[in-house]
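Okay, so here's the structure we're looking at.
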Amino acid sequence: MAFADIEEVQAALAGQDYVCGRALATVVFLSLRLGRPLFLEGEAGTGKTEIAKAIAAALGRRLIRLQCYEGLDAASAVYEWNFAEQMIAIRAAEAAGGADRDTLKTELFTEDYLIERPLLQAMRPQSGGPPVLLIDELDRTDAPFEAFLLEALSDFQVTIPELGTIKAPAPPIVIITSNRTREVHDALKRRCLYHWVDYPDFDREMEILHARAPEASEALSREIVAFVQKLRGEDLFKKPGVAETIDWAKCLLALDVINLSPATIADTLGAILKYQDDIQKLQGSEAKRILDAAKAELDMH
């Protein structure tokens with residue numbers, strides 16, 4: 001166990017420029033202490049993937065990422081055979097006068113020809129200790145893959161028919177994320193500790209921006225955060241996440257912007273909004289209306 005208490009979790013993650021509230025720090029602490037997978041759900045861009053990176057860096061562990069997608073199956077997540085190298089070996093054996101079929105088959109299905117995918121990599125011993133296994137955007141997969149994953153995480157082992165069962169010497173630190181485009185089955189959630197990662201409030205988003213874009217002035221940072229917070233209250237197809245706040249701040253700094261203006265916002269909307277319908281909603285006087293409301297709230301503080 002690397003962290004003595006919740007405050008130490010917060011301090012370690014802050015050292016990786018990840019600003020972590022006490023509720024999230026608590027569930028991270030418990031996940032590590034109890035050896036339970038951590039299931040993080042929330043809107044895209046709220047820092048779910050970043051927490052896995054920060055934990056791995058803070059603990060000095062290897063980060064192994066399984067990026068989920070529609071159609072992902074168990075075999076693709078665990079291993080595949082290097083067919084190109086196997087074919088070369090077959091051709092070489094034939095050119096040398098052939099080899100006994102059973103002997104050749106045995107030689108072809110060995111570790112030498114095995115391509116390890118993330119789940120198998122996570123079961124292997126690591127020099128720095130058990131790795132952090134990030135299973136990212138699980139909601140993109142389907143029910144059969146969830147069922148397989150549930151089994152794999154129950155025993156922390158995978159089976160390769162030609163080689164047998166491979167069991168992790170020590171369980172990896174498992175972090176699962178979901179953007180909730182569909183509901184993940186209860187059976188998998190029950191095996192995990194759960195936390196909903198929400199958009200941060202004004203003060204926490206300011207802390208995050210200070211950590212990730214420290215060169216931005218206090219005045220500009222306050223305007224950026226106030227505007228984005230107001231923007232999230234609008235009827236948008238995709239509300240900007242913290243990742244977009246950071247990206248936008250860096251874009252504005254690259255343009256030497258000192259204060260927000262409707263013209264500047266119009267020029268850089270592509271940094272915070274990713275859908276044309278949303279961008280169109282902010283054309284004309286809409287951006288000025290939101291900016292004025294954001295500045296008015298800042299003046300009240």
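Numbering starts fresh at 1 for the residues of each chain in the structure tokens, the chains themselves are lettered A, B, ... in the order given, and ligands are numbered from 1 as they appear.
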
Please provide as a list in words all residues within 12 Å of Glu218 (chain A), with the sequence filter that same-chain residues fewer than 3 positions apart are discarded (counting only C-alpha atoms). Met206, Glu207, Leu209, His210, Ala213, Pro214, Glu215, Ser221, Arg222, Glu223, Ile224, Val225, Ala249, Ile258 and Asn259 of chain A

Next, dump the selected residues to file, keeping only C-alpha atoms, as a compact mmCIF listing (two decimals), in the first residue's frame.
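Result file out_21.txt:
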# COMPACT_ATOMS: atom_id res chain seq x y z
CA MET A 206 -9.49 27.32 -11.16
CA GLU A 207 -7.12 25.03 -9.23
CA LEU A 209 -6.29 25.48 -14.63
CA HIS A 210 -3.52 26.86 -12.39
CA ALA A 213 -1.84 26.21 -17.56
CA PRO A 214 0.13 28.10 -14.89
CA GLU A 215 1.28 30.76 -17.34
CA SER A 221 -8.12 32.26 -15.87
CA ARG A 222 -11.11 33.57 -13.93
CA GLU A 223 -12.81 34.76 -17.12
CA ILE A 224 -12.14 31.46 -18.90
CA VAL A 225 -13.53 29.35 -16.06
CA ALA A 249 -6.68 28.48 -22.13
CA ILE A 258 -5.27 39.20 -22.12
CA ASN A 259 -9.05 39.42 -21.66

Neighbouring residues of Leu149 (chain A) were defined as those with any atom within 12 Å, considering only C-alpha atoms; residues of the same chain fewer than 3 positions away were excluded. Please report them as a ChimeraX atom specification. /A:37,66,68,72-75,77-78,119,135,138,141-146,152-158,174,176,184-185,187-189,191

Using only C-alpha atoms, which residues of region 167-221 of chain A come within 8 Å of region 6-24 of chain A, and what is the closest atom pair for each, with the distance in Å to one decimal? Give it as a Markdown table, sorted by chain and residue number.
| residue | atom | partner | partner_atom | distance |
| --- | --- | --- | --- | --- |
| A:His195 | CA | A:Leu24 | CA | 7.0 |
| A:Val197 | CA | A:Leu24 | CA | 7.9 |
| A:Arg204 | CA | A:Val19 | CA | 7.5 |
| A:Glu207 | CA | A:Val19 | CA | 6.8 |
| A:Ile208 | CA | A:Val19 | CA | 5.7 |
| A:Ala211 | CA | A:Asp17 | CA | 5.4 |
| A:Arg212 | CA | A:Asp17 | CA | 6.5 |

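Distances from A:Ser217, A:Gln280, A:Thr268, A:Thr177 to Phe237 (chain A) were compared using only C-alpha atoms, and the smallest one belongs to A:Gln280.
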
Check the DSSP output for the backbone and give back, as an mmCIF file with all heavy atoms, in the first residue's frame, the residues of region 29-223 of chain A in strand (DSSP E or B).
data_model
loop_
_atom_site.group_PDB
_atom_site.id
_atom_site.type_symbol
_atom_site.label_atom_id
_atom_site.label_comp_id
_atom_site.auth_asym_id
_atom_site.auth_seq_id
_atom_site.Cartn_x
_atom_site.Cartn_y
_atom_site.Cartn_z
ATOM 1 N N LEU A 38 -11.627 0.130 -9.630
ATOM 2 C CA LEU A 38 -12.284 1.429 -9.468
ATOM 3 C C LEU A 38 -13.047 1.745 -10.748
ATOM 4 O O LEU A 38 -12.462 1.749 -11.840
ATOM 5 C CB LEU A 38 -11.236 2.507 -9.185
ATOM 6 C CG LEU A 38 -11.713 3.955 -9.054
ATOM 7 C CD1 LEU A 38 -12.761 4.077 -7.962
ATOM 8 C CD2 LEU A 38 -10.536 4.879 -8.775
ATOM 9 N N PHE A 39 -14.358 1.955 -10.614
ATOM 10 C CA PHE A 39 -15.208 2.256 -11.771
ATOM 11 C C PHE A 39 -15.551 3.741 -11.738
ATOM 12 O O PHE A 39 -16.221 4.210 -10.813
ATOM 13 C CB PHE A 39 -16.483 1.412 -11.727
ATOM 14 C CG PHE A 39 -17.293 1.460 -12.993
ATOM 15 C CD1 PHE A 39 -17.209 0.440 -13.924
ATOM 16 C CD2 PHE A 39 -18.133 2.527 -13.257
ATOM 17 C CE1 PHE A 39 -17.953 0.476 -15.090
ATOM 18 C CE2 PHE A 39 -18.873 2.580 -14.423
ATOM 19 C CZ PHE A 39 -18.789 1.546 -15.348
ATOM 20 N N LEU A 40 -15.074 4.482 -12.740
ATOM 21 C CA LEU A 40 -15.307 5.925 -12.820
ATOM 22 C C LEU A 40 -16.252 6.222 -13.976
ATOM 23 O O LEU A 40 -15.979 5.857 -15.114
ATOM 24 C CB LEU A 40 -13.984 6.671 -13.041
ATOM 25 C CG LEU A 40 -12.914 6.492 -11.965
ATOM 26 C CD1 LEU A 40 -11.636 7.186 -12.372
ATOM 27 C CD2 LEU A 40 -13.399 7.015 -10.612
ATOM 28 N N GLU A 41 -17.352 6.871 -13.659
ATOM 29 C CA GLU A 41 -18.348 7.193 -14.676
ATOM 30 C C GLU A 41 -18.559 8.700 -14.684
ATOM 31 O O GLU A 41 -18.427 9.364 -13.655
ATOM 32 C CB GLU A 41 -19.656 6.466 -14.361
ATOM 33 C CG GLU A 41 -20.559 6.276 -15.547
ATOM 34 C CD GLU A 41 -21.657 5.250 -15.266
ATOM 35 O OE1 GLU A 41 -22.192 5.239 -14.142
ATOM 36 O OE2 GLU A 41 -21.966 4.466 -16.168
ATOM 37 N N LEU A 63 1.673 2.029 -16.767
ATOM 38 C CA LEU A 63 0.275 2.203 -17.150
ATOM 39 C C LEU A 63 0.007 1.379 -18.404
ATOM 40 O O LEU A 63 0.669 1.562 -19.426
ATOM 41 C CB LEU A 63 -0.048 3.675 -17.417
ATOM 42 C CG LEU A 63 -1.468 3.949 -17.929
ATOM 43 C CD1 LEU A 63 -2.500 3.678 -16.837
ATOM 44 C CD2 LEU A 63 -1.604 5.387 -18.434
ATOM 45 N N ILE A 64 -0.949 0.468 -18.319
ATOM 46 C CA ILE A 64 -1.356 -0.338 -19.470
ATOM 47 C C ILE A 64 -2.791 0.047 -19.804
ATOM 48 O O ILE A 64 -3.684 -0.067 -18.968
ATOM 49 C CB ILE A 64 -1.261 -1.846 -19.161
ATOM 50 C CG1 ILE A 64 0.193 -2.216 -18.854
ATOM 51 C CG2 ILE A 64 -1.787 -2.671 -20.331
ATOM 52 C CD1 ILE A 64 0.378 -3.648 -18.394
ATOM 53 N N ARG A 65 -3.010 0.506 -21.022
ATOM 54 C CA ARG A 65 -4.334 1.039 -21.395
ATOM 55 C C ARG A 65 -5.011 0.152 -22.429
ATOM 56 O O ARG A 65 -4.450 -0.132 -23.490
ATOM 57 C CB ARG A 65 -4.170 2.456 -21.953
ATOM 58 C CG ARG A 65 -5.487 3.112 -22.371
ATOM 59 C CD ARG A 65 -5.241 4.541 -22.805
ATOM 60 N NE ARG A 65 -6.446 5.238 -23.181
ATOM 61 C CZ ARG A 65 -6.493 6.530 -23.481
ATOM 62 N NH1 ARG A 65 -5.386 7.252 -23.440
ATOM 63 N NH2 ARG A 65 -7.628 7.099 -23.819
ATOM 64 N N LEU A 66 -6.224 -0.269 -22.107
ATOM 65 C CA LEU A 66 -7.073 -0.971 -23.065
ATOM 66 C C LEU A 66 -8.138 0.016 -23.510
ATOM 67 O O LEU A 66 -9.052 0.334 -22.747
ATOM 68 C CB LEU A 66 -7.716 -2.210 -22.427
ATOM 69 C CG LEU A 66 -8.759 -2.937 -23.284
ATOM 70 C CD1 LEU A 66 -8.140 -3.460 -24.574
ATOM 71 C CD2 LEU A 66 -9.410 -4.076 -22.508
ATOM 72 N N GLN A 67 -7.990 0.528 -24.728
ATOM 73 C CA GLN A 67 -8.973 1.471 -25.260
ATOM 74 C C GLN A 67 -10.118 0.675 -25.871
ATOM 75 O O GLN A 67 -9.929 -0.060 -26.829
ATOM 76 C CB GLN A 67 -8.336 2.377 -26.313
ATOM 77 C CG GLN A 67 -9.304 3.378 -26.938
ATOM 78 C CD GLN A 67 -9.903 4.319 -25.914
ATOM 79 O OE1 GLN A 67 -9.191 4.999 -25.186
ATOM 80 N NE2 GLN A 67 -11.235 4.365 -25.843
ATOM 81 N N TYR A 79 -4.682 -11.348 -26.526
ATOM 82 C CA TYR A 79 -3.499 -11.745 -27.307
ATOM 83 C C TYR A 79 -3.880 -11.997 -28.756
ATOM 84 O O TYR A 79 -5.069 -12.092 -29.107
ATOM 85 C CB TYR A 79 -2.895 -13.043 -26.741
ATOM 86 C CG TYR A 79 -3.710 -14.266 -27.101
ATOM 87 C CD1 TYR A 79 -3.327 -15.099 -28.158
ATOM 88 C CD2 TYR A 79 -4.884 -14.582 -26.405
ATOM 89 C CE1 TYR A 79 -4.098 -16.206 -28.501
ATOM 90 C CE2 TYR A 79 -5.644 -15.686 -26.746
ATOM 91 C CZ TYR A 79 -5.248 -16.497 -27.796
ATOM 92 O OH TYR A 79 -6.008 -17.587 -28.151
ATOM 93 N N GLU A 80 -2.895 -12.117 -29.600
ATOM 94 C CA GLU A 80 -3.060 -12.671 -30.938
ATOM 95 C C GLU A 80 -1.739 -13.300 -31.360
ATOM 96 O O GLU A 80 -0.694 -13.012 -30.769
ATOM 97 C CB GLU A 80 -3.520 -11.611 -31.940
ATOM 98 C CG GLU A 80 -2.546 -10.491 -32.199
ATOM 99 C CD GLU A 80 -3.089 -9.502 -33.228
ATOM 100 O OE1 GLU A 80 -3.197 -9.888 -34.406
ATOM 101 O OE2 GLU A 80 -3.396 -8.365 -32.845
ATOM 102 N N TRP A 81 -1.816 -14.178 -32.333
ATOM 103 C CA TRP A 81 -0.606 -14.814 -32.835
ATOM 104 C C TRP A 81 -0.031 -14.013 -33.978
ATOM 105 O O TRP A 81 -0.757 -13.425 -34.769
ATOM 106 C CB TRP A 81 -0.908 -16.252 -33.281
ATOM 107 C CG TRP A 81 -1.279 -17.158 -32.156
ATOM 108 C CD1 TRP A 81 -2.512 -17.645 -31.866
ATOM 109 C CD2 TRP A 81 -0.398 -17.648 -31.137
ATOM 110 N NE1 TRP A 81 -2.471 -18.408 -30.735
ATOM 111 C CE2 TRP A 81 -1.188 -18.442 -30.267
ATOM 112 C CE3 TRP A 81 0.961 -17.516 -30.873
ATOM 113 C CZ2 TRP A 81 -0.656 -19.083 -29.154
ATOM 114 C CZ3 TRP A 81 1.490 -18.160 -29.763
ATOM 115 C CH2 TRP A 81 0.695 -18.923 -28.919
ATOM 116 N N LEU A 114 3.861 -14.953 -29.843
ATOM 117 C CA LEU A 114 2.704 -14.387 -29.155
ATOM 118 C C LEU A 114 2.796 -12.866 -29.107
ATOM 119 O O LEU A 114 3.812 -12.307 -28.707
ATOM 120 C CB LEU A 114 2.633 -14.942 -27.729
ATOM 121 C CG LEU A 114 1.382 -14.602 -26.918
ATOM 122 C CD1 LEU A 114 0.156 -15.294 -27.497
ATOM 123 C CD2 LEU A 114 1.582 -15.003 -25.457
ATOM 124 N N ILE A 115 1.747 -12.203 -29.538
ATOM 125 C CA ILE A 115 1.647 -10.740 -29.406
ATOM 126 C C ILE A 115 0.725 -10.460 -28.228
ATOM 127 O O ILE A 115 -0.459 -10.800 -28.251
ATOM 128 C CB ILE A 115 1.092 -10.090 -30.685
ATOM 129 C CG1 ILE A 115 2.002 -10.377 -31.879
ATOM 130 C CG2 ILE A 115 0.927 -8.583 -30.490
ATOM 131 C CD1 ILE A 115 1.452 -9.891 -33.208
ATOM 132 N N GLU A 116 1.271 -9.872 -27.186
ATOM 133 C CA GLU A 116 0.490 -9.615 -25.973
ATOM 134 C C GLU A 116 -0.314 -8.325 -26.099
ATOM 135 O O GLU A 116 0.219 -7.275 -26.445
ATOM 136 C CB GLU A 116 1.412 -9.528 -24.760
ATOM 137 C CG GLU A 116 2.154 -10.816 -24.457
ATOM 138 C CD GLU A 116 2.957 -10.751 -23.166
ATOM 139 O OE1 GLU A 116 2.980 -9.663 -22.544
ATOM 140 O OE2 GLU A 116 3.554 -11.777 -22.790
ATOM 141 N N VAL A 132 -0.868 -0.388 -13.455
ATOM 142 C CA VAL A 132 -2.200 0.199 -13.471
ATOM 143 C C VAL A 132 -2.833 -0.181 -14.803
ATOM 144 O O VAL A 132 -2.321 0.182 -15.863
ATOM 145 C CB VAL A 132 -2.151 1.736 -13.309
ATOM 146 C CG1 VAL A 132 -3.540 2.331 -13.471
ATOM 147 C CG2 VAL A 132 -1.568 2.117 -11.956
ATOM 148 N N LEU A 133 -3.918 -0.936 -14.752
ATOM 149 C CA LEU A 133 -4.642 -1.340 -15.959
ATOM 150 C C LEU A 133 -5.830 -0.408 -16.140
ATOM 151 O O LEU A 133 -6.772 -0.426 -15.349
ATOM 152 C CB LEU A 133 -5.102 -2.795 -15.851
ATOM 153 C CG LEU A 133 -6.043 -3.297 -16.957
ATOM 154 C CD1 LEU A 133 -5.364 -3.221 -18.325
ATOM 155 C CD2 LEU A 133 -6.520 -4.714 -16.662
ATOM 156 N N LEU A 134 -5.771 0.416 -17.185
ATOM 157 C CA LEU A 134 -6.857 1.345 -17.493
ATOM 158 C C LEU A 134 -7.726 0.735 -18.599
ATOM 159 O O LEU A 134 -7.255 0.525 -19.719
ATOM 160 C CB LEU A 134 -6.286 2.694 -17.952
ATOM 161 C CG LEU A 134 -7.282 3.682 -18.581
ATOM 162 C CD1 LEU A 134 -8.370 4.077 -17.583
ATOM 163 C CD2 LEU A 134 -6.557 4.917 -19.104
ATOM 164 N N ILE A 135 -8.969 0.434 -18.265
ATOM 165 C CA ILE A 135 -9.939 -0.063 -19.248
ATOM 166 C C ILE A 135 -10.827 1.124 -19.582
ATOM 167 O O ILE A 135 -11.748 1.471 -18.836
ATOM 168 C CB ILE A 135 -10.735 -1.254 -18.685
ATOM 169 C CG1 ILE A 135 -9.767 -2.387 -18.303
ATOM 170 C CG2 ILE A 135 -11.754 -1.753 -19.706
ATOM 171 C CD1 ILE A 135 -10.402 -3.521 -17.536
ATOM 172 N N ASP A 136 -10.505 1.778 -20.676
ATOM 173 C CA ASP A 136 -11.050 3.097 -20.984
ATOM 174 C C ASP A 136 -12.293 3.011 -21.868
ATOM 175 O O ASP A 136 -12.286 2.347 -22.898
ATOM 176 C CB ASP A 136 -9.973 3.934 -21.689
ATOM 177 C CG ASP A 136 -10.071 5.408 -21.340
ATOM 178 O OD1 ASP A 136 -10.864 5.760 -20.461
ATOM 179 O OD2 ASP A 136 -9.335 6.211 -21.950
ATOM 180 N N GLN A 157 -6.810 -13.754 -14.199
ATOM 181 C CA GLN A 157 -6.114 -14.717 -15.037
ATOM 182 C C GLN A 157 -6.805 -14.793 -16.390
ATOM 183 O O GLN A 157 -7.993 -14.462 -16.514
ATOM 184 C CB GLN A 157 -6.084 -16.101 -14.383
ATOM 185 C CG GLN A 157 -7.452 -16.738 -14.205
ATOM 186 C CD GLN A 157 -7.363 -18.078 -13.497
ATOM 187 O OE1 GLN A 157 -6.506 -18.287 -12.644
ATOM 188 N NE2 GLN A 157 -8.243 -19.008 -13.845
ATOM 189 N N VAL A 158 -6.052 -15.185 -17.406
ATOM 190 C CA VAL A 158 -6.587 -15.378 -18.748
ATOM 191 C C VAL A 158 -6.083 -16.720 -19.268
ATOM 192 O O VAL A 158 -5.025 -17.207 -18.840
ATOM 193 C CB VAL A 158 -6.171 -14.243 -19.710
ATOM 194 C CG1 VAL A 158 -6.822 -12.934 -19.315
ATOM 195 C CG2 VAL A 158 -4.655 -14.084 -19.763
ATOM 196 N N THR A 159 -6.835 -17.301 -20.187
ATOM 197 C CA THR A 159 -6.468 -18.598 -20.742
ATOM 198 C C THR A 159 -6.175 -18.474 -22.228
ATOM 199 O O THR A 159 -6.978 -17.889 -22.976
ATOM 200 C CB THR A 159 -7.589 -19.629 -20.510
ATOM 201 O OG1 THR A 159 -7.800 -19.774 -19.109
ATOM 202 C CG2 THR A 159 -7.214 -20.984 -21.107
ATOM 203 N N ILE A 160 -5.024 -19.001 -22.626
ATOM 204 C CA ILE A 160 -4.661 -19.105 -24.036
ATOM 205 C C ILE A 160 -4.662 -20.595 -24.362
ATOM 206 O O ILE A 160 -3.875 -21.356 -23.769
ATOM 207 C CB ILE A 160 -3.277 -18.485 -24.305
ATOM 208 C CG1 ILE A 160 -3.284 -17.002 -23.915
ATOM 209 C CG2 ILE A 160 -2.868 -18.661 -25.760
ATOM 210 C CD1 ILE A 160 -1.930 -16.345 -23.973
ATOM 211 N N GLY A 164 -2.181 -22.462 -22.171
ATOM 212 C CA GLY A 164 -2.738 -22.704 -20.845
ATOM 213 C C GLY A 164 -3.159 -21.411 -20.160
ATOM 214 O O GLY A 164 -3.279 -20.356 -20.789
ATOM 215 N N THR A 165 -3.352 -21.482 -18.852
ATOM 216 C CA THR A 165 -3.827 -20.339 -18.066
ATOM 217 C C THR A 165 -2.652 -19.532 -17.528
ATOM 218 O O THR A 165 -1.691 -20.092 -17.002
ATOM 219 C CB THR A 165 -4.698 -20.829 -16.893
ATOM 220 O OG1 THR A 165 -5.833 -21.517 -17.428
ATOM 221 C CG2 THR A 165 -5.181 -19.667 -16.046
ATOM 222 N N ILE A 166 -2.761 -18.226 -17.684
ATOM 223 C CA ILE A 166 -1.736 -17.319 -17.170
ATOM 224 C C ILE A 166 -2.377 -16.472 -16.067
ATOM 225 O O ILE A 166 -3.348 -15.756 -16.320
ATOM 226 C CB ILE A 166 -1.169 -16.426 -18.291
ATOM 227 C CG1 ILE A 166 -0.477 -17.294 -19.346
ATOM 228 C CG2 ILE A 166 -0.204 -15.382 -17.727
ATOM 229 C CD1 ILE A 166 -0.083 -16.562 -20.595
ATOM 230 N N LYS A 167 -1.862 -16.582 -14.862
ATOM 231 C CA LYS A 167 -2.421 -15.878 -13.707
ATOM 232 C C LYS A 167 -1.463 -14.795 -13.238
ATOM 233 O O LYS A 167 -0.243 -14.997 -13.218
ATOM 234 C CB LYS A 167 -2.681 -16.872 -12.577
ATOM 235 C CG LYS A 167 -3.392 -16.258 -11.365
ATOM 236 C CD LYS A 167 -3.735 -17.321 -10.350
ATOM 237 C CE LYS A 167 -4.411 -16.728 -9.111
ATOM 238 N NZ LYS A 167 -5.700 -16.114 -9.396
ATOM 239 N N ILE A 173 -3.670 -2.880 -10.579
ATOM 240 C CA ILE A 173 -4.584 -1.832 -10.119
ATOM 241 C C ILE A 173 -5.504 -1.519 -11.294
ATOM 242 O O ILE A 173 -5.044 -1.044 -12.336
ATOM 243 C CB ILE A 173 -3.804 -0.576 -9.690
ATOM 244 C CG1 ILE A 173 -2.887 -0.908 -8.508
ATOM 245 C CG2 ILE A 173 -4.752 0.567 -9.345
ATOM 246 C CD1 ILE A 173 -1.831 0.145 -8.233
ATOM 247 N N VAL A 174 -6.775 -1.817 -11.164
ATOM 248 C CA VAL A 174 -7.707 -1.718 -12.300
ATOM 249 C C VAL A 174 -8.578 -0.468 -12.172
ATOM 250 O O VAL A 174 -9.223 -0.251 -11.147
ATOM 251 C CB VAL A 174 -8.602 -2.967 -12.394
ATOM 252 C CG1 VAL A 174 -9.557 -2.851 -13.582
ATOM 253 C CG2 VAL A 174 -7.749 -4.229 -12.510
ATOM 254 N N ILE A 175 -8.574 0.331 -13.234
ATOM 255 C CA ILE A 175 -9.432 1.516 -13.303
ATOM 256 C C ILE A 175 -10.256 1.412 -14.579
ATOM 257 O O ILE A 175 -9.705 1.301 -15.680
ATOM 258 C CB ILE A 175 -8.612 2.811 -13.284
ATOM 259 C CG1 ILE A 175 -7.841 2.912 -11.962
ATOM 260 C CG2 ILE A 175 -9.519 4.030 -13.471
ATOM 261 C CD1 ILE A 175 -6.879 4.064 -11.889
ATOM 262 N N ILE A 176 -11.575 1.412 -14.427
ATOM 263 C CA ILE A 176 -12.497 1.302 -15.552
ATOM 264 C C ILE A 176 -13.221 2.634 -15.699
ATOM 265 O O ILE A 176 -13.689 3.209 -14.710
ATOM 266 C CB ILE A 176 -13.523 0.176 -15.320
ATOM 267 C CG1 ILE A 176 -12.800 -1.161 -15.073
ATOM 268 C CG2 ILE A 176 -14.475 0.052 -16.502
ATOM 269 C CD1 ILE A 176 -13.710 -2.278 -14.611
ATOM 270 N N THR A 177 -13.309 3.146 -16.933
ATOM 271 C CA THR A 177 -14.042 4.399 -17.150
ATOM 272 C C THR A 177 -15.210 4.170 -18.093
ATOM 273 O O THR A 177 -15.200 3.255 -18.915
ATOM 274 C CB THR A 177 -13.140 5.511 -17.725
ATOM 275 O OG1 THR A 177 -12.891 5.256 -19.117
ATOM 276 C CG2 THR A 177 -11.827 5.611 -16.980
ATOM 277 N N SER A 178 -16.213 5.015 -17.937
ATOM 278 C CA SER A 178 -17.389 4.970 -18.807
ATOM 279 C C SER A 178 -17.941 6.377 -18.970
ATOM 280 O O SER A 178 -18.030 7.126 -17.998
ATOM 281 C CB SER A 178 -18.464 4.057 -18.207
ATOM 282 O OG SER A 178 -19.703 4.230 -18.871
ATOM 283 N N LEU A 193 -15.445 -0.466 -6.839
ATOM 284 C CA LEU A 193 -15.846 0.729 -6.099
ATOM 285 C C LEU A 193 -16.218 1.776 -7.141
ATOM 286 O O LEU A 193 -15.531 1.932 -8.154
ATOM 287 C CB LEU A 193 -14.700 1.226 -5.218
ATOM 288 C CG LEU A 193 -14.269 0.292 -4.088
ATOM 289 C CD1 LEU A 193 -13.113 0.900 -3.309
ATOM 290 C CD2 LEU A 193 -15.422 -0.032 -3.156
ATOM 291 N N TYR A 194 -17.293 2.499 -6.885
ATOM 292 C CA TYR A 194 -17.866 3.382 -7.911
ATOM 293 C C TYR A 194 -17.719 4.855 -7.521
ATOM 294 O O TYR A 194 -17.845 5.216 -6.348
ATOM 295 C CB TYR A 194 -19.354 3.041 -8.089
ATOM 296 C CG TYR A 194 -20.083 3.937 -9.069
ATOM 297 C CD1 TYR A 194 -20.099 3.654 -10.427
ATOM 298 C CD2 TYR A 194 -20.767 5.073 -8.617
ATOM 299 C CE1 TYR A 194 -20.777 4.472 -11.321
ATOM 300 C CE2 TYR A 194 -21.439 5.900 -9.499
ATOM 301 C CZ TYR A 194 -21.446 5.592 -10.854
ATOM 302 O OH TYR A 194 -22.099 6.411 -11.736
ATOM 303 N N HIS A 195 -17.477 5.680 -8.535
ATOM 304 C CA HIS A 195 -17.466 7.136 -8.296
ATOM 305 C C HIS A 195 -17.921 7.855 -9.571
ATOM 306 O O HIS A 195 -17.469 7.530 -10.670
ATOM 307 C CB HIS A 195 -16.065 7.624 -7.914
ATOM 308 C CG HIS A 195 -16.031 9.079 -7.525
ATOM 309 N ND1 HIS A 195 -16.455 9.529 -6.298
ATOM 310 C CD2 HIS A 195 -15.634 10.172 -8.215
ATOM 311 C CE1 HIS A 195 -16.316 10.842 -6.236
ATOM 312 N NE2 HIS A 195 -15.826 11.260 -7.391
ATOM 313 N N TRP A 196 -18.830 8.792 -9.390
ATOM 314 C CA TRP A 196 -19.282 9.631 -10.499
ATOM 315 C C TRP A 196 -18.379 10.862 -10.557
ATOM 316 O O TRP A 196 -18.282 11.617 -9.589
ATOM 317 C CB TRP A 196 -20.739 10.060 -10.315
ATOM 318 C CG TRP A 196 -21.199 11.032 -11.370
ATOM 319 C CD1 TRP A 196 -21.195 12.393 -11.290
ATOM 320 C CD2 TRP A 196 -21.704 10.716 -12.671
ATOM 321 N NE1 TRP A 196 -21.660 12.949 -12.456
ATOM 322 C CE2 TRP A 196 -21.982 11.941 -13.332
ATOM 323 C CE3 TRP A 196 -21.935 9.519 -13.350
ATOM 324 C CZ2 TRP A 196 -22.491 11.988 -14.625
ATOM 325 C CZ3 TRP A 196 -22.440 9.570 -14.646
ATOM 326 C CH2 TRP A 196 -22.720 10.795 -15.269
#

Would you mind writing down, as number ranges by chain, each residue of region 57-180 of chain A that DSSP on the backbone assigns to helix (DSSP H, G or I)? A: 57-59, 74-78, 83-95, 101-108, 111-113, 118-123, 138-140, 143-155

Of the candidates A:Arg61, A:Lys239, A:Lys105, A:Arg190, which one gets nearest to Ile90 (chain A) if we count only C-alpha atoms?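 For Ile90 (chain A), the nearest of the given residues is A:Lys105.
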
Computed interatomic separation between CA of Thr49 (chain A) and CA of Cys192 (chain A) (Å): 16.5 Å

What lies within 12 Å of Leu108 (chain A) using only C-alpha atoms, ignoring chain neighbours under 3 positions off, as a list in words? Trp81, Asn82, Phe83, Ala84, Glu85, Gln86, Met87, Ile88, Ala89, Ile90, Ala93, Ala99, Arg101, Asp102, Thr103, Leu104, Lys105, Glu111, Asp112, Tyr113, Leu114, Glu162 and Leu163 of chain A

Asp247 (chain A) environment, 8 Å, only C-alpha atoms, sequence neighbours closer than 4 positions dropped, as JSON, numbers by chain: {"A": [243, 251, 271, 272]}

Save out the residues we just selected, C-alpha atoms, as a PDB file, in the first residue's frame.
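File out.pdb, as written:
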ATOM      1  CA  ALA A 243      -9.989  19.071 -20.947  1.00  0.00           C
ATOM      2  CA  CYS A 251      -5.073  28.497 -27.337  1.00  0.00           C
ATOM      3  CA  ALA A 271     -11.263  24.654 -28.865  1.00  0.00           C
ATOM      4  CA  ILE A 272     -14.230  24.272 -26.490  1.00  0.00           C
TER       5      ILE A 272
END

Nearby residues (only C-alpha atoms) at most 12 Å from Ala294 (chain A), same-chain spacing under 4 positions excluded, as an MDAnalysis selection string: chainID A and resid 202 222:233 260:261 287:290 298:301

One decimal, in Å: what's the spacing between CA of Met123 (chain A) and CA of Ala170 (chain A)? 8.0 Å

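Shortest separation to Val27 (chain A) among A:Asp5, A:Glu70, A:Asp201, A:Asp235 occurs at residue A:Asp5, atoms counted being only C-alpha atoms.
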